[in-house]
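S.K.: Just dropping this structure here.
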Amino acid sequence: MSKDLVIVESPAKARTISRILDDSYTIMSSMGHVRDLIPKGLGVDVDDNFKPKYQISENRKKLIKELQDAVKKADIVYLATDPDREGEAIAWHLQEILQAKNKKVEFLRVAFHEITKTAVQKSFEDTGVVDMDRVNAQQARRVLDRLVGYKVSPILWKKVLPGTSAGRVQSIALRLICERQAIIDNFEPKEYWNISGDFMKDATKEQFTCKLAKIDNEKMEIAAQDLAEHHATDAGNASYAVSSVKKSPRKRNPRAPFITSTLQQAASGNLRMSPEQTMRVAQQLYEGIDIDGEPTGLITYMRTDSFNIASIAKDAAKAYVEEKYGKDYYPEKPNVYKSRGNAQEAHEAIRPTDVNLKPEDLKSQLDEQQYKLYKLIWERFIASQMAPAQLIQYQIEITNDPSTAKHSYLFRATSTSVKFAGFMKVYDLQDISDDKKDDDDETKLPELTEKDVCSIEKINKDQKFTEPPAQFSEAMLVKELESNGVGRPSTYASIINVIKRREYVKKEKGKLTPTNLGKNVNTFLVSHLDQLFAVDFTAKMETELDDVEAGKEEWVSMLQRFYGNFVTWLEEASVNETVPEDEIVRKFLKVFENEINWAEPEKRGKRTYDDKKFVSSIHEQLDKEKPMSDRQWAALMALAVKYESEIPNLWTSVEELELVEAFAPIKERAAEEAAFEPDEITAGLLGLLAEISDWEKSKDKKRDDEAFYNSLKTQAGKKMLSPAQINAMKTLLRKYASQIPDYESKIPELDLPAPQSEADLERLKKVIGLADEIKEWAEPTKRGRFTYDDKKFVESITGQFADRSSLSEKQVAAFEKIIMKYKDQIENSEARFKELDIVDAATRNDTGIKCPRCDNENLGKKNYRGRTFFGCAAYPKCKYTTNSLDNLEDDE
């Protein structure tokens, strides 16, 4: 009997759905995208209506073969990928590949915004087909990103610095940060003074404070100390009485339920979670958490810009509110929240799938971050459905007896009291921690009536200076991008990660600061490609992509219209090559004729970098009258800066040859590297490692924890550490958690793994012990330059575990993968693997998302604690890793 096939993106989602669907379905995971534009070249045929050139990577072929085999056994294939552009594109790519050899099989699209029994079953009753308008919108975005990245980045290499690159949307985020920083740097503070009075109600001796609001019936504005002292003295000697008392009812409406951007902002402000962390945890809550042994989807789809709420969810919220708080706490008419014009109205806001799954009831079954984020989402949703809060605003004004002072003064104070809490009974948090309240407008006041006599006990002068706007935090940048119409729910977190990873910005004390490299890149892009990287133009492109998705715009026409302007802009930006005339270069080369202590040749990968030999090769090239490339010229300038301490006439020569402007970005980059300081996360991790006093010793220096820490500490003072090194520090901290008093309090802030429990350690011992039962090992195999020897690897891991009693998540995942190959030699392997949660290698298939460092695609690997990390399939040649798929957004 054939089984219908259901394809989703992730193993976690597959696991949750398998609990809902019966045995007549086979459920498999595509592990994200299954194909993409070819990695080499443009990957787009501009002359053939921008036809994308797709390919399946080598690392995808095994999975595709498994899916094709499963399709042959099915009558219907249900494409159950996520309900957004990326999900629709994945569904289309799957259908294109799988239907090619199985034309008789019917392919149907199912979409659900929450992974619950009701939603999933309903989607299978209401099937459809792949939405090609939505697919074409994703294709258009992908082509746009490739065109911009592929065409603009080489210009940056020539004009700014080798290795730099541009992204269509990421460059807008960089521009916003740089422009905000320029405002801050150029801001001239202006002095002003506040005056307040400490008053006492004569009849009752009650004290309170009022702020001076008017002088001679004009708004109080004091810009100098002498004037402040004059009015303070004059007002301090006057007699006062209450001139006005007002009590006004005020209504405070609840905030809308979360959408992606506001969730990221609120999580940042209240939970200190970055947008990346927020989306990773939200993904876990959406795809399913084990609740009483059953995988359960706790929230609706987390990438959304719609405030819509399903009727069934509204009814459930109403029942809960009325039962828990009373009917007065539910509004007369249900609250309705208006989404922005181009929001996806078919989507829902982010809400709990079941309001009766209360956060406190689930606390023991969620980790700390999952609990906090779920609580935030649950409370915000319940509050959004509740009645407004009823407040009383109490305002008093106190004026002086004109005969007792040279001027007339009006002091004012306001206080607010809650008459009816309404939604505030559940939720009253700010979205962003940077939101400021004017504390001077709120104070505690006694009951006063007009003409009550009040004595001024003390006059207070407070010198102030105007302040520039704050630097962007990650959450503030998300808000700014959204307000400008740039980016979409699925891209906010990745946009920020890209500009941080490229070292265009750095995060300091929670704020994003542009680096000199970032400033130079932005200056060039704004100066030479201002129209392409204008905020309003990028927002217009986002709107056009929305129109394509809505069927209002044809995607090829949109790209043709864009490309006509794009080619012109590129031509204008490419003029005035940076390499000076050969004669100038020859004169400049004389600076290297000094006695220079050349660095030893350095081997990096397959290449050997020899500074002395490089300078000689440039001489030879000029002698042969071969043109020098922009990249060679940039490298030559960088080399001069590297040895500037040994070239006393360097900057004199640079000025004489009129090369100051060309050297500016190179010199700034070198200065920035010299003054480099690690980011907050790195500094925080190193700070915790510094608290460890009792390091375990190892005979093998490569496995010595203290030596490893010292090496990282040295590197962190010079450059940004790699994701793999950051993860290694976290693993080390987990091992020594017992020596760090405040370890658990740092888990949310630094995204640390939970301390290794005795149960974790015992499980790991059992996993390692399985290797003892393997007697026959496969012969070592050679792939390219590398030899893979299972026995040798297992012995190495076993030895490390014996030394450290700890292994990294990657090591455990790799060890389990090899052990699975030899399950026939392990007694009762199936039951033992299940007990130890050792998952088949199929759950570690690649994601289909390109590694940001090379042309390969990434693998998702399940570690022994149930979390997932992703690493490049080209390992060990490429050692890129990350904890989140959001980091792997392909941005060109």
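Identifiers for the structure tokens are assigned positionally: chains receive A, B, ... in sequence, residues are indexed from 1 per chain, and ligands are indexed from 1 in the order shown.
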So that I can check the surroundings of Pro489 in chain A, please list as a list in words every protein, DNA and RNA residue that reaches within 8 Å of it, counting only C-alpha atoms and ignoring chain neighbours fewer than 3 positions away.
M.R.: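 Residues meeting the cut-off are Thr260, Ser261, Arg303, Thr304, Asp305 and Tyr492 of chain A.
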S.K.: Give me the residues within 8 Å of range 283-289 of chain A as a compact mmCIF listing (two decimals) with N, CA and C atoms, in the first residue's frame, counting only C-alpha atoms and dropping any in the same chain fewer than 3 places off.
M.R.:
# COMPACT_ATOMS: atom_id res chain seq x y z
N ALA A 12 12.80 19.00 12.99
CA ALA A 12 11.97 19.36 14.15
C ALA A 12 10.51 19.52 13.73
N LYS A 13 10.30 20.17 12.60
CA LYS A 13 8.94 20.36 12.09
C LYS A 13 8.34 19.02 11.68
N THR A 16 7.18 17.10 14.78
CA THR A 16 5.93 17.60 15.35
C THR A 16 4.74 17.20 14.49
N GLU A 114 0.45 27.59 12.04
CA GLU A 114 0.76 27.04 13.35
C GLU A 114 0.75 25.52 13.22
N ILE A 115 1.61 24.87 14.00
CA ILE A 115 1.70 23.41 13.89
C ILE A 115 0.88 22.81 15.02
N MET A 279 14.89 35.12 16.84
CA MET A 279 14.32 34.33 15.76
C MET A 279 14.68 32.85 15.91
N ARG A 280 15.86 32.57 16.45
CA ARG A 280 16.22 31.18 16.64
C ARG A 280 15.31 30.52 17.68
N GLU A 294 5.56 14.92 24.16
CA GLU A 294 4.99 15.09 22.83
C GLU A 294 5.48 16.40 22.22
N PRO A 295 6.01 16.37 20.97
CA PRO A 295 6.42 17.63 20.33
C PRO A 295 5.20 18.50 20.06
N THR A 296 5.24 19.73 20.53
CA THR A 296 4.07 20.62 20.46
C THR A 296 4.48 21.99 19.94
N GLY A 297 3.83 22.45 18.87
CA GLY A 297 4.07 23.80 18.38
C GLY A 297 3.39 24.80 19.30
N LEU A 298 4.17 25.72 19.87
CA LEU A 298 3.64 26.62 20.90
C LEU A 298 3.22 27.99 20.37
N ILE A 299 3.80 28.42 19.23
CA ILE A 299 3.42 29.73 18.69
C ILE A 299 3.15 29.61 17.20
N THR A 300 2.49 30.61 16.65
CA THR A 300 2.24 30.66 15.21
C THR A 300 3.52 31.08 14.50
N TYR A 301 3.47 31.07 13.17
CA TYR A 301 4.66 31.36 12.35
C TYR A 301 5.24 32.72 12.72
N MET A 302 6.56 32.75 12.88
CA MET A 302 7.21 33.92 13.49
C MET A 302 7.73 34.95 12.48
N LEU A 366 10.69 24.07 29.37
CA LEU A 366 11.35 24.97 28.43
C LEU A 366 12.68 25.40 29.01
N GLN A 370 13.61 30.01 25.96
CA GLN A 370 12.31 29.61 25.42
C GLN A 370 11.18 30.08 26.34
N TYR A 374 8.45 32.84 25.19
CA TYR A 374 7.06 32.37 25.13
C TYR A 374 6.17 33.20 26.07
S.K.: Measuring atom to atom with only C-alpha atoms, identify which of A:Asn497, A:Pro83, A:Leu263, A:Ile797 is nearest to Lys810 in chain A.
M.R.: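 Checking each of A:Asn497, A:Pro83, A:Leu263, A:Ile797 against Lys810 in chain A, counting only C-alpha atoms, the winner is A:Ile797.
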S.K.: As an exercise, work out the distance from CA of Arg502 in chain A to CA of Lys719 in chain A in Å and give it to one decimal place.
M.R.: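 Pair CA of Arg502 in chain A / CA of Lys719 in chain A returns 12.1 Å.
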S.K.: Neighbouring residues of Thr26 in chain A were defined as those with any atom within 10 Å, considering only C-alpha atoms; residues of the same chain fewer than 3 positions away were excluded. Please report them as a list in words.
M.R.: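 Once the nearby chain positions are removed, what remains is Ser2, Lys3, Asp4, Leu5, Val6, Ile7, Ala14, Ser18, Leu21, Asp22, Asp23, Ala70, Val71, Lys73, Ala74 and Val77 of chain A.
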S.K.: What is the CA of Val567 in chain A-CA of Val46 in chain A distance in Å, reported with one decimal?
M.R.: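 Distance reported for this atom pair: 11.6 Å.
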S.K.: Tell me, in Å to one decimal, how far CA of Glu457 in chain A is from CA of Ala224 in chain A.
M.R.: 23.8 Å
S.K.: Report as a short mmCIF file (atom, residue, chain, number, x, y, z; two decimals) with all heavy atoms, in the first residue's frame all protein, DNA and RNA residues lying within 8 Å of Arg351 in chain A, evaluated on only C-alpha atoms, omitting residues in the same chain fewer than 6 positions from it.
M.R.:
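For reference, part37.cif as written:
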data_model
loop_
_atom_site.label_atom_id
_atom_site.label_comp_id
_atom_site.auth_asym_id
_atom_site.auth_seq_id
_atom_site.Cartn_x
_atom_site.Cartn_y
_atom_site.Cartn_z
N PRO A 257 -0.77 42.61 18.96
CA PRO A 257 0.05 41.40 19.14
C PRO A 257 1.33 41.55 18.33
O PRO A 257 1.43 42.40 17.43
CB PRO A 257 -0.84 40.28 18.61
CG PRO A 257 -1.82 40.95 17.71
CD PRO A 257 -2.05 42.30 18.29
N PHE A 258 2.30 40.73 18.62
CA PHE A 258 3.61 40.87 17.98
C PHE A 258 3.58 40.50 16.50
O PHE A 258 2.88 39.57 16.07
CB PHE A 258 4.64 39.96 18.65
CG PHE A 258 5.12 40.46 19.98
CD1 PHE A 258 5.08 39.63 21.08
CD2 PHE A 258 5.63 41.73 20.12
CE1 PHE A 258 5.54 40.06 22.31
CE2 PHE A 258 6.09 42.19 21.34
CZ PHE A 258 6.05 41.35 22.45
N ILE A 299 3.80 28.42 19.23
CA ILE A 299 3.42 29.73 18.69
C ILE A 299 3.15 29.61 17.20
O ILE A 299 3.54 28.64 16.56
CB ILE A 299 4.51 30.81 18.93
CG1 ILE A 299 5.79 30.46 18.16
CG2 ILE A 299 4.78 31.00 20.40
CD1 ILE A 299 6.82 31.58 18.13
N THR A 300 2.49 30.61 16.65
CA THR A 300 2.24 30.66 15.21
C THR A 300 3.52 31.08 14.50
O THR A 300 4.53 31.42 15.12
CB THR A 300 1.11 31.64 14.89
OG1 THR A 300 1.41 32.91 15.51
CG2 THR A 300 -0.22 31.14 15.41
N ILE A 377 5.43 36.53 24.42
CA ILE A 377 4.46 36.39 23.33
C ILE A 377 3.05 36.11 23.90
O ILE A 377 2.07 36.72 23.45
CB ILE A 377 4.89 35.26 22.38
CG1 ILE A 377 6.16 35.66 21.63
CG2 ILE A 377 3.77 34.92 21.38
CD1 ILE A 377 6.83 34.50 20.90
N TRP A 378 2.99 35.22 24.86
CA TRP A 378 1.69 34.86 25.45
C TRP A 378 1.04 36.06 26.11
O TRP A 378 -0.14 36.35 25.89
CB TRP A 378 1.91 33.73 26.46
CG TRP A 378 0.65 33.12 27.00
CD1 TRP A 378 -0.02 32.04 26.52
CD2 TRP A 378 -0.10 33.57 28.15
NE1 TRP A 378 -1.14 31.77 27.28
CE2 TRP A 378 -1.23 32.70 28.29
CE3 TRP A 378 0.05 34.61 29.05
CZ2 TRP A 378 -2.16 32.86 29.30
CZ3 TRP A 378 -0.89 34.77 30.06
CH2 TRP A 378 -1.98 33.90 30.18
N PHE A 381 -0.12 38.77 23.58
CA PHE A 381 -1.33 38.40 22.85
C PHE A 381 -2.57 38.54 23.73
O PHE A 381 -3.57 39.14 23.31
CB PHE A 381 -1.23 36.97 22.33
CG PHE A 381 -2.54 36.47 21.77
CD1 PHE A 381 -3.08 37.04 20.63
CD2 PHE A 381 -3.23 35.45 22.40
CE1 PHE A 381 -4.30 36.60 20.12
CE2 PHE A 381 -4.45 35.01 21.90
CZ PHE A 381 -4.99 35.58 20.76
#
